[in-house]
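Data first, discussion second: the structure below is written as C-alpha cells.
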Amino acid sequence: MGDEDYGIYDSLTPHMRQAIDATIIEFVASRPRKVIAIALHMYEQVPPPIPALHDWFYMDRIAELIDDGKLRVVTEGKDLRFHIVKAATLPPDSQNSR
C-alpha cells in the first residue's frame with residue numbers, strides 16, 4: 001500500500017464504511033464464504049460511490065466485523081484469509097421478508 005491508499009481510506013465517510021460493511025454482510029448472508037473470496041468480491045463489486053480500495057482494506061474490515069460480532073467464524077483457516085465466515089444475524093431486509 002502506498003501513501004495515497006491511506007489518504008483514500010481516511011477520506012471514507014461513516015456512510016461509506018457502513019455501505020461497505022452492509023455489502024460484506026449481505027454477501028455472506030446466503031451462505032458462509034472464505035474471507036479471501038469476500039475481499040475479492042468487494043474488490044470487484046465495490047458499491048458506488050466508494051472508490052477502489054485495496055484488498056487488505058477489506059480484510060481489515062472483515063476482521064473488525066468479526067471482532068464486533070457481526071460476522072461469525074464457521075471454520076478457522078491457517079490465517080484470516082482462509083477463515084470461513086457467515087453473517088451473525090440476517091440482514092434487516094431478510095427478516096422482514098419472512
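Chains: A, B, ... in order of the C-alpha cells. Residues: from 1 per chain. Ligands: from 1, in order shown.
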Give me the residues of stretch 15-56 of chain A that have any atom at most 9 Å from an atom of stretch 83-88 of chain A; for each, the nearest atom pair and the distance in Å, rounded to one decimal. Use only C-alpha atoms, sort by chain and number, and format it as JSON lines.
{"residue": "A:Ile24", "atom": "CA", "partner": "A:Ala87", "partner_atom": "CA", "distance": 8.8}
{"residue": "A:Ile25", "atom": "CA", "partner": "A:Ala87", "partner_atom": "CA", "distance": 5.7}
{"residue": "A:Glu26", "atom": "CA", "partner": "A:Ala87", "partner_atom": "CA", "distance": 7.7}
{"residue": "A:Phe27", "atom": "CA", "partner": "A:Ala87", "partner_atom": "CA", "distance": 8.6}
{"residue": "A:Val28", "atom": "CA", "partner": "A:Lys86", "partner_atom": "CA", "distance": 5.2}
{"residue": "A:Ala29", "atom": "CA", "partner": "A:Ala87", "partner_atom": "CA", "distance": 5.2}
{"residue": "A:Ser30", "atom": "CA", "partner": "A:Lys86", "partner_atom": "CA", "distance": 8.3}
{"residue": "A:Arg31", "atom": "CA", "partner": "A:Lys86", "partner_atom": "CA", "distance": 6.5}
{"residue": "A:Pro32", "atom": "CA", "partner": "A:Lys86", "partner_atom": "CA", "distance": 4.4}
{"residue": "A:Arg33", "atom": "CA", "partner": "A:Ile84", "partner_atom": "CA", "distance": 5.1}
{"residue": "A:Lys34", "atom": "CA", "partner": "A:Ile84", "partner_atom": "CA", "distance": 4.2}
{"residue": "A:Val35", "atom": "CA", "partner": "A:His83", "partner_atom": "CA", "distance": 5.8}
{"residue": "A:Ile36", "atom": "CA", "partner": "A:His83", "partner_atom": "CA", "distance": 8.3}
Include C-alpha atoms and write out the residues we just selected as a PDB file, in the first residue's frame.
ATOM      1  CA  ILE A  24     -19.923  -7.641   3.086  1.00  0.00           C
ATOM      2  CA  ILE A  25     -22.626  -8.880   5.460  1.00  0.00           C
ATOM      3  CA  GLU A  26     -25.150  -9.260   2.636  1.00  0.00           C
ATOM      4  CA  PHE A  27     -22.634 -11.301   0.600  1.00  0.00           C
ATOM      5  CA  VAL A  28     -22.252 -13.861   3.399  1.00  0.00           C
ATOM      6  CA  ALA A  29     -25.928 -13.852   4.452  1.00  0.00           C
ATOM      7  CA  SER A  30     -26.884 -16.526   1.913  1.00  0.00           C
ATOM      8  CA  ARG A  31     -24.002 -18.884   2.733  1.00  0.00           C
ATOM      9  CA  PRO A  32     -20.644 -18.938   4.526  1.00  0.00           C
ATOM     10  CA  ARG A  33     -17.633 -17.878   2.461  1.00  0.00           C
ATOM     11  CA  LYS A  34     -13.863 -17.703   2.742  1.00  0.00           C
ATOM     12  CA  VAL A  35     -12.559 -14.299   3.783  1.00  0.00           C
ATOM     13  CA  ILE A  36     -10.376 -14.121   0.674  1.00  0.00           C
TER      14      ILE A  36
END
Given only C-alpha atoms as the counted atoms, nearest of A:Ala22, A:Pro51, A:Tyr58, A:Tyr43 to A:Lys70 |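 Ranking A:Ala22, A:Pro51, A:Tyr58, A:Tyr43 by distance to A:Lys70, first place goes to A:Ala22.
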Secondary structure check, helix (DSSP H, G or I) residues of chain A, as a short mmCIF file (atom, residue, chain, number, x, y, z; two decimals) with all heavy atoms, in the first residue's frame:
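Written file, states17.cif:
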data_model
loop_
_atom_site.label_atom_id
_atom_site.label_comp_id
_atom_site.auth_asym_id
_atom_site.auth_seq_id
_atom_site.Cartn_x
_atom_site.Cartn_y
_atom_site.Cartn_z
N ASP A 3 1.20 5.64 0.19
CA ASP A 3 0.65 6.73 0.99
C ASP A 3 -0.71 7.19 0.47
O ASP A 3 -1.57 7.57 1.25
CB ASP A 3 1.62 7.91 1.01
CG ASP A 3 2.88 7.62 1.81
OD1 ASP A 3 2.83 6.70 2.66
OD2 ASP A 3 3.89 8.31 1.59
N GLU A 4 -0.90 7.14 -0.86
CA GLU A 4 -2.18 7.57 -1.43
C GLU A 4 -3.32 6.67 -0.97
O GLU A 4 -4.46 7.12 -0.83
CB GLU A 4 -2.12 7.64 -2.96
CG GLU A 4 -1.96 6.31 -3.66
CD GLU A 4 -0.52 5.81 -3.75
OE1 GLU A 4 0.42 6.51 -3.33
OE2 GLU A 4 -0.34 4.69 -4.24
N ASP A 5 -3.04 5.39 -0.74
CA ASP A 5 -4.08 4.48 -0.24
C ASP A 5 -4.61 4.94 1.11
O ASP A 5 -5.80 4.92 1.37
CB ASP A 5 -3.55 3.05 -0.13
CG ASP A 5 -3.25 2.43 -1.48
OD1 ASP A 5 -4.02 2.69 -2.43
OD2 ASP A 5 -2.26 1.70 -1.58
N TYR A 6 -3.69 5.35 1.99
CA TYR A 6 -4.11 5.80 3.32
C TYR A 6 -4.96 7.06 3.21
O TYR A 6 -5.91 7.23 3.97
CB TYR A 6 -2.90 6.03 4.23
CG TYR A 6 -2.23 4.74 4.61
CD1 TYR A 6 -1.04 4.34 4.02
CD2 TYR A 6 -2.82 3.88 5.55
CE1 TYR A 6 -0.44 3.14 4.36
CE2 TYR A 6 -2.23 2.68 5.89
CZ TYR A 6 -1.03 2.32 5.29
OH TYR A 6 -0.44 1.13 5.62
N GLY A 7 -4.67 7.92 2.26
CA GLY A 7 -5.48 9.12 2.05
C GLY A 7 -6.89 8.76 1.62
O GLY A 7 -7.85 9.37 2.08
N ILE A 8 -7.00 7.76 0.77
CA ILE A 8 -8.32 7.31 0.33
C ILE A 8 -9.09 6.73 1.51
O ILE A 8 -10.25 7.03 1.73
CB ILE A 8 -8.20 6.27 -0.81
CG1 ILE A 8 -7.66 6.93 -2.07
CG2 ILE A 8 -9.55 5.62 -1.09
CD1 ILE A 8 -7.27 5.95 -3.17
N TYR A 9 -8.43 5.90 2.33
CA TYR A 9 -9.09 5.30 3.47
C TYR A 9 -9.55 6.35 4.47
O TYR A 9 -10.63 6.26 5.02
CB TYR A 9 -8.18 4.29 4.18
CG TYR A 9 -7.70 3.17 3.28
CD1 TYR A 9 -6.53 2.50 3.55
CD2 TYR A 9 -8.42 2.79 2.16
CE1 TYR A 9 -6.09 1.47 2.73
CE2 TYR A 9 -7.98 1.77 1.33
CZ TYR A 9 -6.82 1.11 1.62
OH TYR A 9 -6.39 0.11 0.81
N ASP A 10 -8.71 7.36 4.68
CA ASP A 10 -9.07 8.43 5.61
C ASP A 10 -10.24 9.27 5.09
O ASP A 10 -10.95 9.88 5.88
CB ASP A 10 -7.86 9.34 5.87
CG ASP A 10 -6.77 8.65 6.67
OD1 ASP A 10 -7.07 7.63 7.33
OD2 ASP A 10 -5.62 9.13 6.63
N SER A 11 -10.42 9.30 3.77
CA SER A 11 -11.50 10.12 3.20
C SER A 11 -12.86 9.41 3.21
O SER A 11 -13.87 10.03 2.88
CB SER A 11 -11.14 10.52 1.76
OG SER A 11 -11.23 9.40 0.89
N PRO A 14 -18.41 7.90 7.30
CA PRO A 14 -19.09 6.83 8.03
C PRO A 14 -20.16 6.14 7.19
O PRO A 14 -20.34 4.92 7.27
CB PRO A 14 -19.70 7.55 9.23
CG PRO A 14 -18.80 8.73 9.45
CD PRO A 14 -18.39 9.16 8.06
N HIS A 15 -20.84 6.91 6.34
CA HIS A 15 -21.86 6.33 5.47
C HIS A 15 -21.23 5.35 4.47
O HIS A 15 -21.79 4.28 4.20
CB HIS A 15 -22.61 7.44 4.72
CG HIS A 15 -23.67 6.95 3.80
ND1 HIS A 15 -24.84 6.39 4.25
CD2 HIS A 15 -23.72 6.88 2.46
CE1 HIS A 15 -25.58 6.02 3.23
NE2 HIS A 15 -24.91 6.30 2.12
N MET A 16 -20.06 5.69 3.93
CA MET A 16 -19.37 4.79 3.00
C MET A 16 -18.92 3.52 3.71
O MET A 16 -19.08 2.42 3.18
CB MET A 16 -18.15 5.49 2.38
CG MET A 16 -18.48 6.56 1.40
SD MET A 16 -16.94 7.35 0.86
CE MET A 16 -17.51 8.28 -0.53
N ARG A 17 -18.37 3.66 4.91
CA ARG A 17 -17.95 2.47 5.67
C ARG A 17 -19.16 1.58 5.99
O ARG A 17 -19.07 0.36 5.92
CB ARG A 17 -17.24 2.88 6.96
CG ARG A 17 -15.85 3.40 6.72
CD ARG A 17 -15.17 3.72 8.04
NE ARG A 17 -13.92 4.38 7.83
CZ ARG A 17 -12.74 3.76 7.69
NH1 ARG A 17 -12.68 2.46 7.75
NH2 ARG A 17 -11.65 4.45 7.49
N GLN A 18 -20.27 2.20 6.32
CA GLN A 18 -21.49 1.44 6.60
C GLN A 18 -21.95 0.69 5.35
O GLN A 18 -22.39 -0.46 5.44
CB GLN A 18 -22.58 2.38 7.10
CG GLN A 18 -23.84 1.68 7.52
CD GLN A 18 -24.88 2.65 8.04
OE1 GLN A 18 -25.01 3.77 7.54
NE2 GLN A 18 -25.63 2.22 9.04
N ALA A 19 -21.85 1.33 4.18
CA ALA A 19 -22.23 0.67 2.92
C ALA A 19 -21.31 -0.51 2.63
O ALA A 19 -21.77 -1.57 2.18
CB ALA A 19 -22.20 1.67 1.77
N ILE A 20 -20.03 -0.35 2.89
CA ILE A 20 -19.07 -1.44 2.69
C ILE A 20 -19.41 -2.60 3.63
O ILE A 20 -19.51 -3.75 3.19
CB ILE A 20 -17.63 -0.95 2.93
CG1 ILE A 20 -17.21 0.01 1.81
CG2 ILE A 20 -16.65 -2.12 3.04
CD1 ILE A 20 -15.94 0.78 2.09
N ASP A 21 -19.62 -2.29 4.90
CA ASP A 21 -19.94 -3.33 5.88
C ASP A 21 -21.23 -4.05 5.51
O ASP A 21 -21.32 -5.28 5.58
CB ASP A 21 -20.05 -2.74 7.29
CG ASP A 21 -18.73 -2.24 7.83
OD1 ASP A 21 -17.68 -2.48 7.20
OD2 ASP A 21 -18.74 -1.61 8.90
N ALA A 22 -22.25 -3.30 5.09
CA ALA A 22 -23.53 -3.90 4.72
C ALA A 22 -23.38 -4.81 3.51
O ALA A 22 -24.00 -5.89 3.46
CB ALA A 22 -24.56 -2.81 4.44
N THR A 23 -22.54 -4.42 2.55
CA THR A 23 -22.32 -5.24 1.37
C THR A 23 -21.61 -6.53 1.73
O THR A 23 -21.94 -7.60 1.23
CB THR A 23 -21.53 -4.45 0.31
OG1 THR A 23 -22.24 -3.25 -0.02
CG2 THR A 23 -21.31 -5.27 -0.95
N ILE A 24 -20.63 -6.44 2.62
CA ILE A 24 -19.92 -7.64 3.09
C ILE A 24 -20.89 -8.59 3.78
O ILE A 24 -20.94 -9.79 3.49
CB ILE A 24 -18.76 -7.26 4.03
CG1 ILE A 24 -17.64 -6.57 3.25
CG2 ILE A 24 -18.23 -8.50 4.76
CD1 ILE A 24 -16.57 -5.93 4.12
N ILE A 25 -21.68 -8.06 4.70
CA ILE A 25 -22.63 -8.88 5.46
C ILE A 25 -23.67 -9.51 4.53
O ILE A 25 -24.00 -10.69 4.66
CB ILE A 25 -23.28 -8.06 6.59
CG1 ILE A 25 -22.22 -7.70 7.64
CG2 ILE A 25 -24.45 -8.82 7.22
CD1 ILE A 25 -22.64 -6.65 8.63
N GLU A 26 -24.16 -8.74 3.59
CA GLU A 26 -25.15 -9.26 2.64
C GLU A 26 -24.56 -10.40 1.80
O GLU A 26 -25.24 -11.39 1.52
CB GLU A 26 -25.62 -8.14 1.71
CG GLU A 26 -26.68 -8.57 0.72
CD GLU A 26 -27.14 -7.41 -0.16
OE1 GLU A 26 -27.15 -6.27 0.30
OE2 GLU A 26 -27.45 -7.68 -1.33
N PHE A 27 -23.28 -10.28 1.42
CA PHE A 27 -22.63 -11.30 0.60
C PHE A 27 -22.53 -12.64 1.33
O PHE A 27 -22.61 -13.69 0.71
CB PHE A 27 -21.25 -10.81 0.15
CG PHE A 27 -20.55 -11.72 -0.81
CD1 PHE A 27 -21.10 -12.02 -2.05
CD2 PHE A 27 -19.32 -12.25 -0.50
CE1 PHE A 27 -20.43 -12.85 -2.95
CE2 PHE A 27 -18.64 -13.08 -1.38
CZ PHE A 27 -19.20 -13.38 -2.61
N VAL A 28 -22.38 -12.61 2.64
CA VAL A 28 -22.25 -13.86 3.40
C VAL A 28 -23.57 -14.26 4.07
O VAL A 28 -23.61 -15.25 4.80
CB VAL A 28 -21.11 -13.79 4.44
CG1 VAL A 28 -19.79 -13.61 3.77
CG2 VAL A 28 -21.36 -12.73 5.47
N ALA A 29 -24.64 -13.52 3.84
CA ALA A 29 -25.93 -13.85 4.45
C ALA A 29 -26.53 -15.12 3.85
O ALA A 29 -27.19 -15.88 4.56
CB ALA A 29 -26.89 -12.69 4.31
N VAL A 35 -12.85 -15.73 3.69
CA VAL A 35 -12.56 -14.30 3.78
C VAL A 35 -11.92 -13.79 2.49
O VAL A 35 -12.27 -12.72 2.01
CB VAL A 35 -11.67 -14.01 5.02
CG1 VAL A 35 -11.14 -12.59 4.99
CG2 VAL A 35 -12.46 -14.28 6.30
N ILE A 36 -11.03 -14.56 1.90
CA ILE A 36 -10.38 -14.12 0.67
C ILE A 36 -11.39 -13.96 -0.47
O ILE A 36 -11.28 -13.06 -1.29
CB ILE A 36 -9.21 -15.05 0.28
CG1 ILE A 36 -8.39 -14.41 -0.80
CG2 ILE A 36 -9.67 -16.40 -0.15
CD1 ILE A 36 -6.94 -14.46 -0.57
N ALA A 37 -12.43 -14.80 -0.50
CA ALA A 37 -13.47 -14.69 -1.52
C ALA A 37 -14.29 -13.42 -1.30
O ALA A 37 -14.70 -12.76 -2.26
CB ALA A 37 -14.36 -15.92 -1.51
N ILE A 38 -14.52 -13.08 -0.05
CA ILE A 38 -15.26 -11.85 0.26
C ILE A 38 -14.46 -10.63 -0.19
O ILE A 38 -14.99 -9.72 -0.83
CB ILE A 38 -15.57 -11.75 1.77
CG1 ILE A 38 -16.41 -12.94 2.23
CG2 ILE A 38 -16.29 -10.44 2.09
CD1 ILE A 38 -16.46 -13.10 3.74
N ALA A 39 -13.16 -10.63 0.13
CA ALA A 39 -12.31 -9.50 -0.25
C ALA A 39 -12.27 -9.36 -1.77
O ALA A 39 -12.36 -8.25 -2.30
CB ALA A 39 -10.91 -9.68 0.32
N LEU A 40 -12.16 -10.46 -2.49
CA LEU A 40 -12.14 -10.43 -3.95
C LEU A 40 -13.46 -9.90 -4.49
O LEU A 40 -13.49 -9.06 -5.39
CB LEU A 40 -11.84 -11.82 -4.51
CG LEU A 40 -11.82 -11.92 -6.03
CD1 LEU A 40 -10.74 -11.04 -6.63
CD2 LEU A 40 -11.61 -13.37 -6.45
N HIS A 41 -14.56 -10.39 -3.94
CA HIS A 41 -15.88 -9.91 -4.36
C HIS A 41 -15.99 -8.40 -4.16
O HIS A 41 -16.46 -7.68 -5.05
CB HIS A 41 -16.98 -10.63 -3.56
CG HIS A 41 -18.34 -10.06 -3.77
ND1 HIS A 41 -19.09 -10.32 -4.89
CD2 HIS A 41 -19.09 -9.23 -2.99
CE1 HIS A 41 -20.25 -9.67 -4.80
NE2 HIS A 41 -20.27 -9.01 -3.65
N MET A 42 -15.57 -7.92 -3.00
CA MET A 42 -15.66 -6.50 -2.71
C MET A 42 -14.75 -5.69 -3.64
O MET A 42 -15.12 -4.61 -4.11
CB MET A 42 -15.30 -6.22 -1.25
CG MET A 42 -16.29 -6.77 -0.26
SD MET A 42 -17.96 -6.10 -0.47
CE MET A 42 -17.67 -4.37 -0.11
N TYR A 43 -13.57 -6.21 -3.91
CA TYR A 43 -12.63 -5.53 -4.79
C TYR A 43 -13.23 -5.38 -6.20
O TYR A 43 -13.08 -4.35 -6.84
CB TYR A 43 -11.32 -6.31 -4.85
CG TYR A 43 -10.25 -5.64 -5.66
CD1 TYR A 43 -9.53 -4.57 -5.14
CD2 TYR A 43 -9.94 -6.08 -6.93
CE1 TYR A 43 -8.55 -3.94 -5.86
CE2 TYR A 43 -8.95 -5.46 -7.67
CZ TYR A 43 -8.25 -4.40 -7.14
OH TYR A 43 -7.28 -3.78 -7.88
N GLU A 44 -13.94 -6.41 -6.64
CA GLU A 44 -14.53 -6.40 -7.98
C GLU A 44 -15.89 -5.72 -8.04
O GLU A 44 -16.29 -5.22 -9.09
CB GLU A 44 -14.66 -7.83 -8.51
CG GLU A 44 -13.32 -8.50 -8.74
CD GLU A 44 -13.45 -9.96 -9.14
OE1 GLU A 44 -14.54 -10.56 -8.96
OE2 GLU A 44 -12.44 -10.51 -9.61
N ASP A 55 -7.34 -4.75 -1.44
CA ASP A 55 -7.94 -5.94 -0.84
C ASP A 55 -7.63 -6.04 0.66
O ASP A 55 -8.44 -6.55 1.43
CB ASP A 55 -7.54 -7.22 -1.56
CG ASP A 55 -6.04 -7.43 -1.65
OD1 ASP A 55 -5.27 -6.49 -1.39
OD2 ASP A 55 -5.64 -8.55 -1.99
N TRP A 56 -6.48 -5.51 1.08
CA TRP A 56 -6.16 -5.56 2.51
C TRP A 56 -7.09 -4.68 3.34
O TRP A 56 -7.34 -4.96 4.50
CB TRP A 56 -4.69 -5.20 2.76
CG TRP A 56 -3.81 -6.33 2.36
CD1 TRP A 56 -3.04 -6.41 1.23
CD2 TRP A 56 -3.65 -7.57 3.04
NE1 TRP A 56 -2.40 -7.62 1.18
CE2 TRP A 56 -2.76 -8.36 2.28
CE3 TRP A 56 -4.18 -8.10 4.20
CZ2 TRP A 56 -2.39 -9.63 2.66
CZ3 TRP A 56 -3.80 -9.38 4.58
CH2 TRP A 56 -2.91 -10.13 3.81
N PHE A 57 -7.62 -3.64 2.72
CA PHE A 57 -8.62 -2.82 3.42
C PHE A 57 -9.83 -3.69 3.78
O PHE A 57 -10.33 -3.65 4.89
CB PHE A 57 -9.05 -1.63 2.56
CG PHE A 57 -10.21 -0.89 3.16
CD1 PHE A 57 -10.00 0.07 4.14
CD2 PHE A 57 -11.51 -1.17 2.78
CE1 PHE A 57 -11.07 0.74 4.72
CE2 PHE A 57 -12.59 -0.50 3.35
CZ PHE A 57 -12.36 0.46 4.33
N TYR A 58 -10.29 -4.48 2.79
CA TYR A 58 -11.45 -5.34 3.03
C TYR A 58 -11.14 -6.41 4.07
O TYR A 58 -12.00 -6.76 4.89
CB TYR A 58 -11.94 -5.96 1.72
CG TYR A 58 -12.43 -4.92 0.76
CD1 TYR A 58 -11.79 -4.70 -0.45
CD2 TYR A 58 -13.51 -4.11 1.08
CE1 TYR A 58 -12.23 -3.72 -1.33
CE2 TYR A 58 -13.97 -3.13 0.21
CZ TYR A 58 -13.31 -2.95 -0.99
OH TYR A 58 -13.74 -1.97 -1.84
N MET A 59 -9.93 -6.94 4.05
CA MET A 59 -9.53 -7.92 5.06
C MET A 59 -9.62 -7.30 6.46
O MET A 59 -10.12 -7.93 7.40
CB MET A 59 -8.11 -8.43 4.80
CG MET A 59 -7.91 -9.09 3.46
SD MET A 59 -8.57 -10.73 3.36
CE MET A 59 -7.32 -11.59 4.26
N ASP A 60 -9.16 -6.06 6.59
CA ASP A 60 -9.24 -5.37 7.88
C ASP A 60 -10.69 -5.14 8.30
O ASP A 60 -11.05 -5.31 9.46
CB ASP A 60 -8.50 -4.03 7.83
CG ASP A 60 -6.99 -4.19 7.78
OD1 ASP A 60 -6.48 -5.29 8.09
OD2 ASP A 60 -6.32 -3.20 7.42
N ARG A 61 -11.54 -4.75 7.34
CA ARG A 61 -12.96 -4.53 7.66
C ARG A 61 -13.61 -5.83 8.11
O ARG A 61 -14.40 -5.84 9.06
CB ARG A 61 -13.73 -3.97 6.46
CG ARG A 61 -13.41 -2.57 6.04
CD ARG A 61 -13.57 -1.52 7.12
NE ARG A 61 -14.86 -1.50 7.74
CZ ARG A 61 -15.09 -1.08 8.99
NH1 ARG A 61 -14.10 -0.64 9.74
NH2 ARG A 61 -16.29 -1.08 9.49
N ILE A 62 -13.30 -6.94 7.43
CA ILE A 62 -13.87 -8.23 7.80
C ILE A 62 -13.42 -8.61 9.20
O ILE A 62 -14.24 -9.07 10.02
CB ILE A 62 -13.48 -9.30 6.76
CG1 ILE A 62 -14.16 -8.98 5.42
CG2 ILE A 62 -13.85 -10.70 7.25
CD1 ILE A 62 -13.59 -9.74 4.24
N ALA A 63 -12.15 -8.40 9.51
CA ALA A 63 -11.64 -8.69 10.86
C ALA A 63 -12.38 -7.86 11.90
O ALA A 63 -12.74 -8.37 12.97
CB ALA A 63 -10.14 -8.44 10.93
N GLU A 64 -12.64 -6.60 11.60
CA GLU A 64 -13.38 -5.74 12.53
C GLU A 64 -14.82 -6.23 12.69
O GLU A 64 -15.37 -6.19 13.80
CB GLU A 64 -13.34 -4.29 12.07
CG GLU A 64 -11.98 -3.65 12.26
CD GLU A 64 -11.96 -2.18 11.88
OE1 GLU A 64 -12.98 -1.49 12.10
OE2 GLU A 64 -10.93 -1.74 11.36
N LEU A 65 -15.44 -6.67 11.60
CA LEU A 65 -16.81 -7.18 11.69
C LEU A 65 -16.87 -8.46 12.52
O LEU A 65 -17.84 -8.69 13.24
CB LEU A 65 -17.39 -7.41 10.29
CG LEU A 65 -17.66 -6.14 9.47
CD1 LEU A 65 -18.00 -6.50 8.03
CD2 LEU A 65 -18.78 -5.33 10.10
N ILE A 66 -15.83 -9.27 12.44
CA ILE A 66 -15.75 -10.47 13.28
C ILE A 66 -15.62 -10.04 14.74
O ILE A 66 -16.33 -10.53 15.62
CB ILE A 66 -14.58 -11.38 12.86
CG1 ILE A 66 -14.85 -11.99 11.48
CG2 ILE A 66 -14.34 -12.47 13.91
CD1 ILE A 66 -13.65 -12.67 10.85
N ASP A 67 -14.71 -9.10 15.00
CA ASP A 67 -14.50 -8.62 16.38
C ASP A 67 -15.76 -7.99 16.95
O ASP A 67 -16.03 -8.10 18.15
CB ASP A 67 -13.35 -7.61 16.43
CG ASP A 67 -11.99 -8.25 16.21
OD1 ASP A 67 -11.87 -9.49 16.30
OD2 ASP A 67 -11.03 -7.49 15.92
N LEU A 80 -6.27 -15.60 8.55
CA LEU A 80 -7.55 -14.92 8.31
C LEU A 80 -8.07 -15.13 6.89
O LEU A 80 -9.27 -15.31 6.69
CB LEU A 80 -7.44 -13.42 8.62
CG LEU A 80 -8.67 -12.57 8.31
CD1 LEU A 80 -9.85 -12.98 9.18
CD2 LEU A 80 -8.37 -11.10 8.47
N ARG A 81 -7.20 -15.12 5.90
CA ARG A 81 -7.65 -15.25 4.51
C ARG A 81 -8.47 -16.50 4.27
O ARG A 81 -9.35 -16.52 3.41
CB ARG A 81 -6.44 -15.28 3.56
CG ARG A 81 -5.66 -14.00 3.51
CD ARG A 81 -4.40 -14.17 2.71
NE ARG A 81 -3.58 -15.20 3.35
CZ ARG A 81 -2.57 -15.82 2.76
NH1 ARG A 81 -2.25 -15.56 1.53
NH2 ARG A 81 -1.87 -16.73 3.42
N PHE A 82 -8.17 -17.56 5.03
CA PHE A 82 -8.80 -18.84 4.78
C PHE A 82 -9.87 -19.21 5.81
O PHE A 82 -10.43 -20.30 5.74
CB PHE A 82 -7.73 -19.94 4.69
CG PHE A 82 -6.73 -19.64 3.60
CD1 PHE A 82 -5.46 -19.22 3.90
CD2 PHE A 82 -7.10 -19.74 2.26
CE1 PHE A 82 -4.54 -18.92 2.90
CE2 PHE A 82 -6.19 -19.44 1.26
CZ PHE A 82 -4.91 -19.03 1.57
N PRO A 92 -31.50 -6.82 8.01
CA PRO A 92 -32.86 -6.36 8.34
C PRO A 92 -33.88 -6.63 7.25
O PRO A 92 -35.00 -7.01 7.53
CB PRO A 92 -32.69 -4.86 8.57
CG PRO A 92 -31.26 -4.69 8.94
CD PRO A 92 -30.51 -5.79 8.22
N ASP A 93 -33.52 -6.46 5.96
CA ASP A 93 -34.47 -6.70 4.87
C ASP A 93 -34.88 -8.16 4.81
O ASP A 93 -36.02 -8.47 4.51
CB ASP A 93 -33.87 -6.28 3.53
CG ASP A 93 -33.69 -4.77 3.42
OD1 ASP A 93 -34.28 -4.04 4.25
OD2 ASP A 93 -32.95 -4.33 2.54
N SER A 94 -33.97 -9.09 5.11
CA SER A 94 -34.30 -10.51 5.07
C SER A 94 -35.26 -10.88 6.19
O SER A 94 -36.11 -11.75 6.01
CB SER A 94 -33.02 -11.34 5.23
OG SER A 94 -32.16 -11.10 4.15
N GLN A 95 -35.15 -10.24 7.35
CA GLN A 95 -36.03 -10.56 8.45
C GLN A 95 -37.45 -10.12 8.17
O GLN A 95 -38.40 -10.76 8.58
CB GLN A 95 -35.52 -9.89 9.74
CG GLN A 95 -34.23 -10.49 10.22
CD GLN A 95 -33.66 -9.74 11.41
OE1 GLN A 95 -34.16 -8.69 11.80
NE2 GLN A 95 -32.60 -10.27 11.99
N ASN A 96 -37.61 -9.03 7.41
CA ASN A 96 -38.95 -8.52 7.10
C ASN A 96 -39.63 -9.34 6.00
O ASN A 96 -40.84 -9.27 5.85
CB ASN A 96 -38.88 -7.06 6.65
CG ASN A 96 -38.46 -6.15 7.79
OD1 ASN A 96 -38.67 -6.49 8.95
ND2 ASN A 96 -37.89 -5.01 7.47
#
